[in-house]
Amino acid sequence: MAVHGERREDASNEAVFRLVRALSDRALAAEVEAGFINGVPTIAAALDALTAARIIVYPLFASSGYFTRDRLVALIDEANREGRHIRILPPLGLDPGLPDLVVAFARNAARERGFAARASNVILLAHGSRRNSASRNDTERIAEAVRRRAVFAQVEPAFLEERPFLADTASTLSGPTVVVGLFSGEGLHGARDAPRLIVELGRDDVAYAGVVGSAPGIEDVVARSAGEAILQDIRSRTEVLSMSRLGAVRGLASNRVKGQTTG
């Protein structure tokens with residue numbers, strides 16, 4: 001599992017290690033490790049700790065941006081000196097199971113605050129970027145998927161580094177509102193920036209659910225996608241082996257016919 005991570009002295013990345021333990025307990029794969037782009041163990045160290053020849057990487061990132069499309073791929077290529085088969089899955093932000101996880105996460109936060117879900121709004125707070133549209137595009141896609149579930153009054157995006165900021169989006173919504181952090185870990189953005197921005201709104205009808213990377217059920221989402229990838233890999237190898245055996249049988253039969261004809 002590949003994660004952005006945090007290098008701050010007070011950053012434990014404990015939520016990620018809890019997820020690793022939960023996945024290991026399921027015995028879905030022979031080995032489960034986490035590697036961080038920022039933090040330890042690094043991506044290279046995590047790969048070195050694995051002994052398997054075939055590895056599936058699940059990027060715990062909220063969007064398919066620079067870190068997943070470029071940086072992670074480069075780090076894996078650099079570390080894969082043994083030529084092992086490594087498959088990188090789509091990140092959490094593109095996982096088809098994420099919208100339902102967001103719905104359950106926001107609904108639980110609303111319930112804890114005494115908000116009725118159908119009368120509540122949801123704000124999906126993501127990083128955003130003025131240089132790359134990936135975070136915005138993925139966040140808007142997730143928001144639309146959550147809207148289609150028809151559980152909440154309104155579902156809108158907000159960003160840390162581009163408009164609409166949290167205050168902009170919140171100003172357009174009236175009534176109880178739940179903010180869901182579209183962050184993979186409880187780092188600077190999810191644990192500090194989001195709570196601070198919510199306090200600055202000065203509203204007692206806005207609740208913070210937390211970050212999706214720590215949401216109850218996140219292990220189910222990751223396990224489902226990883227499990228499907230493992231099954232696909234097994235089927236693919238089985239088909240290749242079957243075709244290889246079929247080719248060998250046909251070759252043997254052809255040789256026998258040639259031998260009989262010659263004789």
# chains A, B, ... in the order shown; residues from 1 in each chain; ligands from 1
call {"tool": "residues_around", "arguments": {"residues": "segment 20-37 of chain A", "least_positions_apart": "4", "cutoff": "7 Å", "atoms": "only C-alpha atoms", "output": "ChimeraX atom specification"}}
result
/A:1-5,16,41-43,46,50,219,223,227
call {"tool": "atom_distance", "arguments": {"atom1": "atom CA of Arg81 of chain A", "atom2": "atom CA of Ala53 of chain A"}}
result
11.8 Å
call {"tool": "residues_around", "arguments": {"residues": "segment 58-67 of chain A", "least_positions_apart": "2", "cutoff": "10 Å", "atoms": "only C-alpha atoms", "output": "JSON, numbers by chain"}}
result
{"A": [1, 2, 3, 4, 5, 16, 34, 35, 36, 37, 55, 56, 69, 70, 71, 72, 73, 74, 87, 88, 89, 90, 91, 92, 93, 94, 95, 98, 126, 127, 128, 129, 132, 133, 134, 135, 136, 137, 138, 139, 181, 182, 183, 184, 185, 212, 213, 222, 223, 225, 226]}
call {"tool": "atom_distance", "arguments": {"atom1": "atom CA of Ala209 of chain A", "atom2": "atom CA of Glu162 of chain A"}}
result
21.6 Å
call {"tool": "closest_residue", "arguments": {"among": "A:Ile76, A:Ala194, A:Ala167, A:Ile86", "to": "Val180 of chain A", "atoms": "only C-alpha atoms"}}
result
A:Ala194
call {"tool": "select_by_dssp", "arguments": {"residues": "segment 46-246 of chain A", "states": "strand (DSSP E or B)", "output": "count of residues only"}}
result
33
call {"tool": "residues_around", "arguments": {"residues": "Thr169 of chain A", "least_positions_apart": "3", "cutoff": "10 Å", "atoms": "only C-alpha atoms", "output": "MDAnalysis selection string"}}
result
chainID A and resid 123:125 156:159 163:166 172:173
call {"tool": "write_last_selection", "arguments": {"atoms": "all heavy atoms", "output": "compact mmCIF listing (two decimals), in the first residue's frame"}}
result
# COMPACT_ATOMS: atom_id res chain seq x y z
N ILE A 123 -20.03 18.60 2.68
CA ILE A 123 -18.96 19.27 1.95
C ILE A 123 -17.78 18.32 1.87
O ILE A 123 -17.31 17.82 2.89
CB ILE A 123 -18.52 20.58 2.64
CG1 ILE A 123 -19.65 21.59 2.66
CG2 ILE A 123 -17.31 21.17 1.91
CD1 ILE A 123 -19.30 22.88 3.39
N LEU A 124 -17.33 18.05 0.67
CA LEU A 124 -16.15 17.22 0.46
C LEU A 124 -14.95 18.14 0.34
O LEU A 124 -14.80 18.85 -0.67
CB LEU A 124 -16.30 16.36 -0.79
CG LEU A 124 -17.51 15.42 -0.83
CD1 LEU A 124 -17.50 14.58 -2.10
CD2 LEU A 124 -17.53 14.52 0.40
N LEU A 125 -14.11 18.17 1.37
CA LEU A 125 -12.96 19.06 1.41
C LEU A 125 -11.72 18.32 0.91
O LEU A 125 -11.28 17.35 1.52
CB LEU A 125 -12.73 19.56 2.84
CG LEU A 125 -11.54 20.50 3.04
CD1 LEU A 125 -11.72 21.78 2.23
CD2 LEU A 125 -11.37 20.82 4.53
N GLU A 156 -21.47 19.22 -1.91
CA GLU A 156 -20.65 20.17 -2.66
C GLU A 156 -19.17 20.01 -2.33
O GLU A 156 -18.82 19.64 -1.21
CB GLU A 156 -21.09 21.60 -2.36
CG GLU A 156 -22.54 21.91 -2.72
CD GLU A 156 -22.84 21.81 -4.19
OE1 GLU A 156 -21.87 21.92 -4.99
OE2 GLU A 156 -24.01 21.63 -4.56
N PRO A 157 -18.29 20.34 -3.28
CA PRO A 157 -16.85 20.27 -3.02
C PRO A 157 -16.31 21.59 -2.48
O PRO A 157 -16.91 22.65 -2.64
CB PRO A 157 -16.28 20.00 -4.41
CG PRO A 157 -17.22 20.72 -5.33
CD PRO A 157 -18.59 20.59 -4.70
N ALA A 158 -15.15 21.50 -1.83
CA ALA A 158 -14.40 22.68 -1.38
C ALA A 158 -12.92 22.27 -1.37
O ALA A 158 -12.60 21.08 -1.30
CB ALA A 158 -14.85 23.13 0.01
N PHE A 159 -12.05 23.26 -1.43
CA PHE A 159 -10.63 22.95 -1.56
C PHE A 159 -9.77 23.82 -0.65
O PHE A 159 -10.18 24.89 -0.22
CB PHE A 159 -10.19 23.14 -3.03
CG PHE A 159 -11.01 22.34 -4.00
CD1 PHE A 159 -12.11 22.92 -4.64
CD2 PHE A 159 -10.72 21.01 -4.24
CE1 PHE A 159 -12.88 22.18 -5.51
CE2 PHE A 159 -11.49 20.26 -5.12
CZ PHE A 159 -12.58 20.84 -5.75
N ARG A 163 -10.27 27.86 -5.29
CA ARG A 163 -11.69 28.10 -5.05
C ARG A 163 -12.54 27.00 -5.67
O ARG A 163 -12.16 26.44 -6.69
CB ARG A 163 -12.09 29.47 -5.61
CG ARG A 163 -11.45 30.63 -4.85
CD ARG A 163 -12.06 31.96 -5.30
NE ARG A 163 -11.47 33.08 -4.60
CZ ARG A 163 -11.82 33.46 -3.37
NH1 ARG A 163 -12.77 32.81 -2.73
NH2 ARG A 163 -11.22 34.48 -2.78
N PRO A 164 -13.68 26.73 -5.02
CA PRO A 164 -14.19 27.37 -3.82
C PRO A 164 -13.51 26.83 -2.57
O PRO A 164 -13.32 25.62 -2.41
CB PRO A 164 -15.68 26.99 -3.83
CG PRO A 164 -15.70 25.65 -4.51
CD PRO A 164 -14.63 25.72 -5.56
N PHE A 165 -13.10 27.76 -1.68
CA PHE A 165 -12.55 27.35 -0.40
C PHE A 165 -13.69 26.90 0.50
O PHE A 165 -14.87 27.04 0.15
CB PHE A 165 -11.77 28.51 0.24
CG PHE A 165 -10.61 28.98 -0.60
CD1 PHE A 165 -10.56 30.29 -1.07
CD2 PHE A 165 -9.59 28.12 -0.93
CE1 PHE A 165 -9.51 30.73 -1.86
CE2 PHE A 165 -8.51 28.54 -1.71
CZ PHE A 165 -8.48 29.84 -2.17
N LEU A 166 -13.35 26.37 1.66
CA LEU A 166 -14.39 25.87 2.56
C LEU A 166 -15.39 26.96 2.92
O LEU A 166 -16.61 26.73 2.91
CB LEU A 166 -13.76 25.29 3.83
CG LEU A 166 -14.75 24.72 4.86
CD1 LEU A 166 -15.56 23.58 4.26
CD2 LEU A 166 -14.01 24.26 6.11
N THR A 172 -22.81 29.04 0.91
CA THR A 172 -23.92 28.77 0.00
C THR A 172 -24.89 27.74 0.56
O THR A 172 -25.92 27.47 -0.06
CB THR A 172 -23.40 28.26 -1.36
OG1 THR A 172 -22.81 26.95 -1.18
CG2 THR A 172 -22.36 29.19 -1.92
N LEU A 173 -24.55 27.17 1.72
CA LEU A 173 -25.37 26.10 2.30
C LEU A 173 -25.97 26.55 3.63
O LEU A 173 -25.27 27.12 4.46
CB LEU A 173 -24.53 24.84 2.52
CG LEU A 173 -23.83 24.26 1.28
CD1 LEU A 173 -22.91 23.12 1.68
CD2 LEU A 173 -24.85 23.80 0.25
call {"tool": "select_by_dssp", "arguments": {"residues": "segment 36-153 of chain A", "states": "alpha helix (DSSP H)", "output": "ChimeraX atom specification"}}
result
/A:43-49,66,72-79,98-113,134-148
call {"tool": "closest_residue", "arguments": {"among": "A:Glu78, A:Asp100, A:Glu161, A:Asp168", "to": "Asp193 of chain A", "atoms": "only C-alpha atoms"}}
result
A:Glu161
call {"tool": "atom_distance", "arguments": {"atom1": "atom CA of Asp48 of chain A", "atom2": "atom CA of Leu231 of chain A"}}
result
23.8 Å
call {"tool": "residues_around", "arguments": {"residues": "Val155 of chain A", "least_positions_apart": "3", "cutoff": "8 Å", "atoms": "only C-alpha atoms", "output": "ChimeraX atom specification"}}
result
/A:121-124,143-144,146-147,152
call {"tool": "write_last_selection", "arguments": {"atoms": "N, CA and C atoms", "output": "PDB file, in the first residue's frame"}}
result
ATOM      1  N   ASN A 121     -26.341  18.832   4.801  1.00  0.00           N
ATOM      2  CA  ASN A 121     -25.480  18.996   3.633  1.00  0.00           C
ATOM      3  C   ASN A 121     -24.151  18.302   3.895  1.00  0.00           C
ATOM      4  N   VAL A 122     -23.453  17.991   2.827  1.00  0.00           N
ATOM      5  CA  VAL A 122     -22.116  17.415   2.944  1.00  0.00           C
ATOM      6  C   VAL A 122     -21.158  18.237   2.090  1.00  0.00           C
ATOM      7  N   ILE A 123     -20.032  18.603   2.683  1.00  0.00           N
ATOM      8  CA  ILE A 123     -18.958  19.275   1.949  1.00  0.00           C
ATOM      9  C   ILE A 123     -17.781  18.316   1.868  1.00  0.00           C
ATOM     10  N   LEU A 124     -17.328  18.046   0.665  1.00  0.00           N
ATOM     11  CA  LEU A 124     -16.148  17.219   0.455  1.00  0.00           C
ATOM     12  C   LEU A 124     -14.945  18.141   0.335  1.00  0.00           C
ATOM     13  N   ALA A 143     -18.303  13.816  -5.569  1.00  0.00           N
ATOM     14  CA  ALA A 143     -19.472  14.569  -5.095  1.00  0.00           C
ATOM     15  C   ALA A 143     -20.714  14.186  -5.890  1.00  0.00           C
ATOM     16  N   GLU A 144     -20.566  14.064  -7.200  1.00  0.00           N
ATOM     17  CA  GLU A 144     -21.711  13.689  -8.037  1.00  0.00           C
ATOM     18  C   GLU A 144     -22.180  12.267  -7.716  1.00  0.00           C
ATOM     19  N   VAL A 146     -21.926  10.762  -4.832  1.00  0.00           N
ATOM     20  CA  VAL A 146     -22.604  10.807  -3.534  1.00  0.00           C
ATOM     21  C   VAL A 146     -23.993  11.426  -3.694  1.00  0.00           C
ATOM     22  N   ARG A 147     -24.102  12.453  -4.531  1.00  0.00           N
ATOM     23  CA  ARG A 147     -25.420  13.064  -4.788  1.00  0.00           C
ATOM     24  C   ARG A 147     -26.406  12.031  -5.315  1.00  0.00           C
ATOM     25  N   PHE A 152     -28.406  12.919   1.225  1.00  0.00           N
ATOM     26  CA  PHE A 152     -28.261  14.220   1.871  1.00  0.00           C
ATOM     27  C   PHE A 152     -28.957  15.323   1.068  1.00  0.00           C
TER      28      PHE A 152
END
call {"tool": "closest_residue", "arguments": {"among": "A:Arg196, A:Arg237, A:Arg149, A:His189", "to": "Leu101 of chain A", "atoms": "only C-alpha atoms"}}
result
A:Arg149
